[in-house]
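What follows is the content of upload.csv, which has CSV, C-alpha atoms:
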chain,number,residue,atom,x,y,z
A,119,MET,CA,110.7,199.6,134.2
A,120,LYS,CA,107.5,201.3,133.1
A,121,ARG,CA,107.1,202.6,129.6
A,122,PHE,CA,105.6,206.1,129.4
A,123,ALA,CA,104.1,208.4,126.7
A,124,LEU,CA,103.7,212.1,127.3
A,125,ILE,CA,101.0,214.3,125.7
A,126,GLY,CA,101.7,218.0,125.8
A,127,ALA,CA,105.5,217.9,125.7
A,128,ALA,CA,106.1,221.6,124.9
A,129,GLY,CA,104.2,223.1,127.8
A,130,TYR,CA,105.6,224.8,131.0
A,131,ILE,CA,104.9,221.8,133.2
A,132,ALA,CA,106.0,218.9,130.9
A,133,PRO,CA,109.7,219.0,131.9
A,134,ARG,CA,108.7,218.2,135.5
A,135,HIS,CA,107.0,215.1,134.3
A,136,MET,CA,109.9,214.1,132.1
A,137,ARG,CA,112.2,214.6,135.1
A,138,ALA,CA,109.9,212.6,137.3
A,139,ILE,CA,109.9,209.7,134.8
A,140,LYS,CA,113.7,209.7,134.6
A,141,ASP,CA,114.2,210.2,138.4
A,142,THR,CA,111.9,207.2,139.2
A,143,ALA,CA,114.0,205.1,136.8
A,144,HIS,CA,111.4,204.6,134.1
A,145,GLU,CA,111.4,205.3,130.3
A,146,LEU,CA,109.8,207.9,128.2
A,147,VAL,CA,109.1,206.0,125.0
A,148,CYS,CA,107.3,208.7,123.0
A,149,ALA,CA,105.9,212.2,123.3
A,150,TYR,CA,103.4,214.4,121.4
A,151,ASP,CA,102.8,218.1,121.0
A,152,ILE,CA,101.5,220.3,118.2
A,153,ASN,CA,104.5,222.6,118.9
A,154,ASP,CA,108.1,221.4,118.3
A,155,SER,CA,109.9,223.4,120.9
A,156,VAL,CA,110.8,220.4,122.9
A,157,GLY,CA,114.6,220.5,123.1
A,158,VAL,CA,114.4,219.7,126.8
A,159,ILE,CA,113.8,216.1,125.8
A,160,ASP,CA,117.5,215.9,124.7
A,161,SER,CA,118.7,216.3,128.3
A,162,LEU,CA,116.1,214.0,129.9
A,163,SER,CA,115.1,211.4,127.4
A,164,PRO,CA,117.0,211.7,124.1
A,165,GLN,CA,115.8,208.3,122.8
A,166,SER,CA,112.1,209.3,122.9
A,167,GLU,CA,110.1,209.3,119.7
A,168,PHE,CA,108.3,212.6,119.1
A,169,PHE,CA,105.3,213.5,117.0
A,170,THR,CA,103.5,216.8,116.2
A,171,GLU,CA,100.4,215.0,114.9
A,172,PHE,CA,98.2,213.2,117.3
A,173,GLU,CA,97.1,210.6,114.7
A,174,ARG,CA,100.7,209.6,114.2
A,175,PHE,CA,101.4,209.5,117.9
A,176,TYR,CA,98.3,207.3,118.5
A,177,ASP,CA,99.1,205.0,115.6
A,178,PHE,CA,102.6,204.5,117.0
A,179,ALA,CA,101.2,203.6,120.4
A,180,TRP,CA,98.8,201.1,118.9
A,181,THR,CA,101.6,199.6,116.8
A,182,LEU,CA,103.7,199.1,120.0
A,183,LYS,CA,100.7,197.3,121.5
A,184,ARG,CA,100.3,195.0,118.5
A,185,GLN,CA,104.0,194.2,118.7
A,186,GLN,CA,103.7,193.2,122.3
A,187,GLN,CA,105.7,196.2,123.5
A,188,PRO,CA,102.8,198.2,124.9
A,189,LEU,CA,103.0,201.5,126.8
A,190,ASP,CA,102.2,201.3,130.5
A,191,ILE,CA,101.3,204.9,131.4
A,192,VAL,CA,100.3,208.0,129.5
A,193,SER,CA,101.1,211.4,131.1
A,194,VAL,CA,98.8,214.3,130.1
A,195,CYS,CA,100.2,217.8,130.3
A,196,SER,CA,98.1,219.3,127.5
A,197,PRO,CA,95.9,222.5,127.8
A,198,ASN,CA,93.0,222.1,130.2
A,199,HIS,CA,90.3,221.8,127.6
A,200,LEU,CA,92.0,218.8,126.0
A,201,HIS,CA,92.4,216.8,129.2
A,202,PHE,CA,89.2,214.9,128.9
A,203,SER,CA,89.8,213.6,125.4
A,204,HIS,CA,93.5,212.9,126.0
A,205,ILE,CA,92.7,211.0,129.2
A,206,ASN,CA,90.1,208.9,127.4
A,207,ALA,CA,92.6,208.2,124.6
A,208,GLY,CA,95.2,207.0,127.1
A,209,LEU,CA,92.8,204.7,129.0
A,210,ARG,CA,91.5,203.2,125.8
A,211,LEU,CA,95.1,202.4,124.8
A,212,GLY,CA,95.1,200.1,127.8
A,213,CYS,CA,97.3,202.5,129.8
A,214,ASP,CA,97.0,204.0,133.2
A,215,VAL,CA,96.9,207.8,132.9
A,216,ILE,CA,98.6,210.6,135.0
A,217,CYS,CA,97.1,214.0,134.4
A,218,GLU,CA,97.8,217.5,135.6
A,219,LYS,CA,95.1,219.7,137.3
A,220,PRO,CA,92.4,220.4,136.6
A,221,LEU,CA,91.5,216.9,135.5
A,222,VAL,CA,88.3,218.2,133.8
A,223,PRO,CA,86.0,221.2,134.3
A,224,SER,CA,82.9,219.5,135.6
A,225,PRO,CA,81.8,216.7,138.0
A,226,GLY,CA,79.8,215.2,135.1
A,227,MET,CA,83.0,214.6,133.1
A,228,LEU,CA,84.6,213.0,136.2
A,229,ASP,CA,81.6,210.5,136.1
A,230,GLU,CA,82.3,209.7,132.5
A,231,LEU,CA,86.0,209.1,133.1
A,232,ALA,CA,85.0,206.8,136.0
A,233,LEU,CA,83.0,204.7,133.6
A,234,THR,CA,85.9,204.6,131.2
A,235,GLU,CA,88.1,203.3,134.1
A,236,GLN,CA,85.6,200.6,134.7
A,237,GLU,CA,85.4,199.6,131.0
A,238,THR,CA,89.2,199.5,130.5
A,239,GLY,CA,90.3,198.3,133.9
A,240,LYS,CA,92.9,201.1,134.0
A,241,ARG,CA,93.4,203.9,136.5
A,242,LEU,CA,93.4,207.7,136.2
A,243,TRP,CA,95.7,209.5,138.6
A,244,ASN,CA,95.8,213.3,139.3
A,245,ILE,CA,98.9,215.3,140.2
A,246,LEU,CA,97.9,216.9,143.5
A,247,GLN,CA,101.4,217.8,144.5
A,248,LEU,CA,100.7,220.1,147.3
A,249,ARG,CA,99.4,217.2,149.3
A,250,HIS,CA,103.0,215.9,149.4
A,251,HIS,CA,104.5,219.2,150.6
A,252,GLN,CA,105.8,218.7,154.2
A,253,ALA,CA,104.6,222.1,155.4
A,254,ILE,CA,101.1,221.3,154.2
A,255,ILE,CA,101.2,217.9,155.7
A,256,ASP,CA,102.3,219.3,159.0
A,257,LEU,CA,99.5,221.9,159.0
A,258,ARG,CA,96.9,219.3,158.2
A,259,ASN,CA,98.1,217.0,161.0
A,260,ARG,CA,97.9,219.9,163.4
A,261,VAL,CA,94.4,220.9,162.4
A,262,LEU,CA,93.2,217.3,162.6
A,263,GLY,CA,94.7,216.9,166.0
A,264,GLU,CA,93.0,220.0,167.5
A,265,GLN,CA,89.7,220.4,169.3
A,266,ARG,CA,88.6,224.0,168.7
A,267,ALA,CA,85.4,225.8,169.5
A,268,HIS,CA,85.8,228.1,166.5
A,269,LYS,CA,87.0,227.6,162.9
A,270,HIS,CA,90.4,228.8,161.7
A,271,GLU,CA,90.5,232.2,160.0
A,272,VAL,CA,92.5,231.8,156.7
A,273,GLU,CA,93.5,234.3,154.0
A,274,LEU,CA,94.9,232.9,150.7
A,275,THR,CA,96.5,235.4,148.3
A,276,TYR,CA,98.2,234.3,145.1
A,277,ILE,CA,99.4,236.8,142.5
A,278,THR,CA,101.4,235.5,139.7
A,279,SER,CA,102.2,238.2,137.2
A,280,ARG,CA,101.7,237.4,133.5
A,281,GLY,CA,102.6,239.4,130.5
A,282,LYS,CA,100.5,240.2,127.4
A,283,TRP,CA,101.3,236.8,125.9
A,284,TYR,CA,99.1,235.2,128.5
A,285,MET,CA,95.8,236.5,127.1
A,286,GLU,CA,96.8,235.5,123.6
A,287,SER,CA,97.6,231.9,124.7
A,288,TRP,CA,95.1,229.2,125.5
A,289,LYS,CA,95.4,230.2,129.2
A,290,GLY,CA,93.8,233.5,128.5
A,291,ASP,CA,90.8,231.9,126.7
A,292,PRO,CA,88.2,230.9,129.3
A,293,ARG,CA,86.8,228.3,126.9
A,294,LYS,CA,90.2,226.5,127.1
A,295,SER,CA,91.6,227.3,130.5
A,296,PHE,CA,88.1,227.6,132.2
A,297,GLY,CA,89.1,231.0,133.7
A,298,VAL,CA,91.7,232.3,136.1
A,299,ALA,CA,90.2,230.7,139.3
A,300,THR,CA,90.4,227.3,137.7
A,301,ASN,CA,93.7,227.6,136.0
A,302,ILE,CA,95.8,229.0,138.8
A,303,GLY,CA,93.4,228.3,141.8
A,304,VAL,CA,92.6,224.7,141.5
A,305,HIS,CA,95.8,223.7,143.3
A,306,PHE,CA,95.0,225.8,146.3
A,307,TYR,CA,91.3,224.7,146.5
A,308,ASP,CA,92.5,221.1,146.7
A,309,MET,CA,95.1,222.1,149.4
A,310,LEU,CA,92.4,223.8,151.4
A,311,HIS,CA,90.1,220.8,151.3
A,312,PHE,CA,93.0,218.5,152.2
A,313,ILE,CA,93.8,220.6,155.3
A,314,PHE,CA,90.4,221.8,156.5
A,315,GLY,CA,87.9,219.2,155.4
A,316,LYS,CA,84.6,219.3,153.5
A,317,LEU,CA,83.5,222.5,151.8
A,318,GLN,CA,80.3,224.0,153.3
A,319,ARG,CA,79.9,227.3,151.6
A,320,ASN,CA,81.3,228.8,148.3
A,321,VAL,CA,80.7,232.5,147.5
A,322,VAL,CA,82.3,234.6,144.7
A,323,HIS,CA,82.9,238.3,145.4
A,324,TYR,CA,84.7,239.3,142.2
A,325,SER,CA,85.2,237.7,138.8
A,326,HIS,CA,87.3,239.0,136.0
A,327,GLU,CA,89.5,237.5,133.2
A,328,HIS,CA,92.6,238.6,135.2
A,329,LYS,CA,91.6,238.1,138.8
A,330,ALA,CA,88.9,236.6,141.1
A,331,ALA,CA,88.1,236.7,144.8
A,332,GLY,CA,85.7,235.0,147.1
A,333,TYR,CA,84.9,233.1,150.3
A,334,LEU,CA,85.1,229.4,151.1
A,335,GLU,CA,83.9,227.9,154.4
A,336,TYR,CA,85.2,224.4,155.3
A,337,GLU,CA,84.5,222.2,158.3
A,338,ASN,CA,87.5,223.7,160.0
A,339,ALA,CA,88.2,227.1,158.4
A,340,ARG,CA,86.8,230.3,157.0
A,341,VAL,CA,88.8,231.2,154.0
A,342,ARG,CA,89.0,234.6,152.2
A,343,TRP,CA,90.8,234.1,148.9
A,344,PHE,CA,92.2,236.4,146.1
A,345,LEU,CA,93.9,235.2,142.9
A,346,SER,CA,95.4,237.4,140.2
A,347,ILE,CA,97.7,237.4,137.1
A,348,ASP,CA,97.8,241.3,137.2
A,349,ALA,CA,101.2,242.7,138.4
A,350,ASN,CA,99.3,245.8,139.6
A,351,ASP,CA,97.9,243.7,142.4
A,352,LEU,CA,101.3,242.9,143.9
A,353,PRO,CA,101.9,244.4,147.3
A,354,GLU,CA,104.2,247.4,147.3
A,355,SER,CA,106.8,245.4,149.3
A,356,VAL,CA,107.1,243.0,146.3
A,357,LYS,CA,106.6,245.2,143.2
A,358,GLY,CA,109.7,245.5,141.1
A,359,LYS,CA,111.4,242.7,143.1
A,360,LYS,CA,109.5,239.6,142.5
A,361,PRO,CA,106.7,238.7,139.9
A,362,THR,CA,104.9,236.4,142.3
A,363,TYR,CA,103.3,236.8,145.7
A,364,ARG,CA,102.0,233.8,147.5
A,365,SER,CA,100.7,234.0,151.0
A,366,ILE,CA,98.6,231.9,153.3
A,367,THR,CA,97.8,233.0,156.8
A,368,VAL,CA,96.1,230.9,159.4
A,369,ASP,CA,94.8,232.9,162.4
A,370,GLY,CA,97.1,235.7,161.4
A,371,ASN,CA,100.2,233.4,161.2
A,372,GLU,CA,102.0,233.1,157.9
A,373,ILE,CA,102.4,229.5,156.6
A,374,GLU,CA,105.7,229.3,154.7
A,375,PHE,CA,105.6,226.8,151.8
A,376,SER,CA,107.4,228.7,149.1
A,377,GLU,CA,110.3,226.2,149.3
A,378,GLY,CA,110.2,222.5,148.6
A,379,PHE,CA,108.3,222.6,145.3
A,380,THR,CA,111.1,221.5,143.0
A,381,ASP,CA,110.7,217.7,143.5
A,382,LEU,CA,107.0,217.4,144.2
A,383,HIS,CA,106.2,215.9,140.8
A,384,THR,CA,108.8,213.2,141.3
A,385,VAL,CA,107.3,212.5,144.8
A,386,SER,CA,103.8,212.4,143.2
A,387,TYR,CA,105.0,210.0,140.5
A,388,GLN,CA,106.6,207.7,143.1
A,389,ALA,CA,103.4,207.6,145.1
A,390,ILE,CA,101.4,206.7,142.0
A,391,LEU,CA,103.9,204.0,141.0
A,392,ASP,CA,103.6,202.6,144.6
A,393,GLY,CA,99.8,202.5,144.2
A,394,LYS,CA,99.3,205.4,146.7
A,395,GLY,CA,98.4,208.2,144.3
A,396,TYR,CA,95.3,210.3,144.1
A,397,GLY,CA,92.5,209.3,141.8
A,398,ILE,CA,89.2,210.6,140.4
A,399,GLU,CA,87.3,210.8,143.8
A,400,ASP,CA,90.3,212.6,145.4
A,401,ALA,CA,90.1,215.3,142.7
A,402,ARG,CA,86.3,215.6,142.8
A,403,HIS,CA,86.2,218.1,145.6
A,404,CYS,CA,88.3,220.7,143.8
A,405,VAL,CA,86.6,220.1,140.5
A,406,GLU,CA,83.2,220.8,142.1
A,407,THR,CA,84.6,223.9,143.8
A,408,VAL,CA,85.9,225.5,140.6
A,409,ASP,CA,82.7,224.4,138.7
A,410,VAL,CA,80.6,226.5,141.2
A,411,ILE,CA,83.0,229.4,141.1
A,412,ARG,CA,82.9,229.7,137.3
A,413,SER,CA,79.1,229.9,137.2
A,414,ALA,CA,78.4,231.9,140.4
A,415,ALA,CA,77.3,235.5,140.3
A,416,ALA,CA,79.4,237.9,142.3
A,417,VAL,CA,77.9,239.2,145.5
A,418,VAL,CA,78.8,241.8,148.0
A,419,PRO,CA,80.8,240.3,150.9
A,420,GLN,CA,79.1,240.1,154.3
A,421,ASN,CA,80.2,239.4,157.8
A,422,GLY,CA,83.9,240.0,157.2
A,423,GLU,CA,84.1,237.4,154.5
A,424,GLY,CA,85.8,239.7,151.9
A,425,HIS,CA,89.5,239.5,151.2
A,426,PRO,CA,91.4,242.7,152.1
A,427,PHE,CA,92.6,243.1,148.5
A,428,LEU,CA,89.0,243.3,147.4
A,429,ASN,CA,88.7,246.9,148.6
A,430,ARG,CA,91.1,248.0,145.8
A,431,LEU,CA,88.7,246.6,143.2
A,432,VAL,CA,85.2,247.6,144.4
A,433,ARG,CA,85.7,251.2,145.6

Any chance you could give the structure as structure tokens?
Amino acid sequence: MKRFALIGAAGYIAPRHMRAIKDTAHELVCAYDINDSVGVIDSLSPQSEFFTEFERFYDFAWTLKRQQQPLDIVSVCSPNHLHFSHINAGLRLGCDVICEKPLVPSPGMLDELALTEQETGKRLWNILQLRHHQAIIDLRNRVLGEQRAHKHEVELTYITSRGKWYMESWKGDPRKSFGVATNIGVHFYDMLHFIFGKLQRNVVHYSHEHKAAGYLEYENARVRWFLSIDANDLPESVKGKKPTYRSITVDGNEIEFSEGFTDLHTVSYQAILDGKGYGIEDARHCVETVDVIRSAAAVVPQNGEGHPFLNRLVR
């Protein structure tokens, strides 16, 4: 049985990690968050120690190590801008680390974490759960098995409505979330790379605190993408019915992958525990992608590279 610690226990995604630890028959020994709204622990790991001060949490972890009861793995679910320091802390505790996306905002930080891995002899694993989704795996296998004269034409649209609270939280602060394309888009950029190969071109057509759009060209696909947290961007067929619209079309055919998300963190954990998880180099591609998107100046789309929803924004 592996002994886990969890950093960022009060966030949206933390319960999925707690569930994954329990469902893979391991133990959550301790958890930390500056917020104390962590009642979910009672139903998943009631025996876990909990701290609202990082110093007390870290001292407890070192005490366990001195008492020959060390932690094995630290799971990091804290806000994006804290990932780098929390990953380093976990590695230097002598633990492997499992971290949510994005690992860090820049390739340079990935290089630093790789050095820390070498120094400590421990591993950093990234949750890239869409790589475990069966519909995504099936599409990837189909693409890899084809011989085509032309690249696939892909449209990615993801609108996930957020209320006024969003901009008041760390997620609405680009210094902490690194912007909407990073915060809600990094999952999809990894998925696109996983399916369609290396990225060859990265262009931004629109960039705003609530939404972004652009064009990505991979070895096997031309991708027009649009991401938004603005409910006004929802298609009329969805408005008033659902707060989220997720669509990926490949050559005009919708790829349905809305179902099957529930247990993907548990599947990801099991793969990591089996030594088959995704590490720093697997995450590098999507980190490089969002790093370019954040700094790129928006340009007018050319040659049919603009997403259809872009017309609403640039009239």

Residue contacts of Gly281 of chain A (12 Å, all atoms listed in the file) excluding same-chain residues fewer than 5 positions away, as a ChimeraX atom specification:
/A:286-287,289-290,328,347-350,361

Quick one: pull the distance between atom CA of Tyr336 of chain A and atom CA of Thr384 of chain A, Å, one decimal.
29.6 Å

Using all atoms listed in the file, what table do you get, as CSV, when you list each residue of segment 163-233 of chain A with an atom no more than 9 Å from segment 128-150 of chain A, its nearest pair of atoms, and their distance in Å rounded to one decimal, rows by chain then rising number?
residue,atom,partner,partner_atom,distance
A:Ser163,CA,A:Leu146,CA,6.4
A:Gln165,CA,A:Val147,CA,7.4
A:Ser166,CA,A:Cys148,CA,4.8
A:Glu167,CA,A:Cys148,CA,4.4
A:Phe168,CA,A:Ala149,CA,4.9
A:Phe169,CA,A:Tyr150,CA,4.9
A:Thr170,CA,A:Tyr150,CA,5.7
A:Glu171,CA,A:Tyr150,CA,7.2
A:Phe172,CA,A:Tyr150,CA,6.7
A:Phe175,CA,A:Tyr150,CA,6.3
A:Phe178,CA,A:Cys148,CA,8.7
A:Ala179,CA,A:Cys148,CA,8.4
A:Leu189,CA,A:Val147,CA,7.8
A:Ser193,CA,A:His135,CA,7.7
A:Val194,CA,A:Ala132,CA,8.6
A:Cys195,CA,A:Ala132,CA,5.9
A:Ser196,CA,A:Gly129,CA,7.2
A:Pro197,CA,A:Gly129,CA,8.3
A:Glu218,CA,A:Ile131,CA,8.6

What does the distance between atom CA of Arg340 of chain A and atom CA of His326 of chain A come to in Å, to one decimal place?
22.7 Å

Can you list, as a list in words, every protein, DNA or RNA residue that comes within 10 Å of segment 248-251 of chain A when you count only C-alpha atoms, leaving out same-chain residues fewer than 5 positions away?
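Answer for this query is Asp256, Arg258, His305, Phe306, Asp308, Met309, Leu310, Phe312, Ile313, Phe375, Glu377, Gly378, Phe379, Asp381, Leu382, His383, Val385, Ser386, Ala389 and Tyr396 of chain A.
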
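Take atom CA of Lys240 of chain A and atom CA of Lys183 of chain A: the distance between them is 15.2 Å.
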
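Ranking A:Ile390, A:Val298, A:Leu345, A:Val405 by their shortest atom-to-atom distance to Asp214 of chain A, with all atoms listed in the file included, puts A:Ile390 first.
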
Which residue of A:Arg241, A:Arg280, A:Lys120, A:Arg342 approaches Arg210 of chain A most closely, using only C-alpha atoms
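Using only C-alpha atoms, Arg210 of chain A sits closest to A:Arg241.
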
Between A:Thr278, A:Gln186, A:Gln318, A:Ser355, which has the minimum distance to Asn301 of chain A (counting only C-alpha atoms)?
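Of all the options, A:Thr278 lies closest to Asn301 of chain A.
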
Selected residue of minimal separation from Tyr333 of chain A among A:Glu372, A:Asp190, A:Glu271, A:Asp160, counting only C-alpha atoms:
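Closest to Tyr333 of chain A, using only C-alpha atoms: A:Glu271.
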
From the list A:Gly397, A:Gly370, A:Pro426, A:Gly358, the nearest residue to Ser279 of chain A using all atoms listed in the file is A:Gly358

Which residues are near segment 227-233 of chain A? Cut-off 10 Å, all atoms listed in the file, ignore same chain within fewer than 6 positions. Put them as a list in words.
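The neighbour list is Phe202, Ser203, Ile205, Asn206, Leu209, Leu221, Gly239, Lys240, Arg241, Leu242, Gly397, Ile398, Glu399, Ala401, Arg402, Val405 and Glu406 of chain A.
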
Any chance you could tabulate, as a Markdown table, the residues of segment 336-384 of chain A at most 10 Å from segment 427-430 of chain A with each one's nearest atom pair and distance in Å to one decimal, using all atoms listed in the file, in chain and rising number order?
| residue | atom | partner | partner_atom | distance |
| --- | --- | --- | --- | --- |
| A:Arg342 | CA | A:Leu428 | CA | 9.9 |
| A:Trp343 | CA | A:Phe427 | CA | 9.2 |
| A:Phe344 | CA | A:Phe427 | CA | 7.1 |
| A:Leu345 | CA | A:Phe427 | CA | 9.8 |
| A:Asp351 | CA | A:Phe427 | CA | 8.1 |
| A:Leu352 | CA | A:Phe427 | CA | 9.8 |
| A:Pro353 | CA | A:Phe427 | CA | 9.5 |

For His403 of chain A, the closest of A:Tyr387, A:Tyr324, A:Tyr307, A:Tyr276 counting all atoms listed in the file is A:Tyr307

Given 6 Å on each side, where is the centre and what are the edge lengths in Å to one decimal of the axis-aligned box enclosing the listed atoms of segment 344-355 of chain A, as JSON?
{"center_x": 99.5, "center_y": 241.3, "center_z": 143.2, "size_x": 26.6, "size_y": 24.2, "size_z": 24.2}
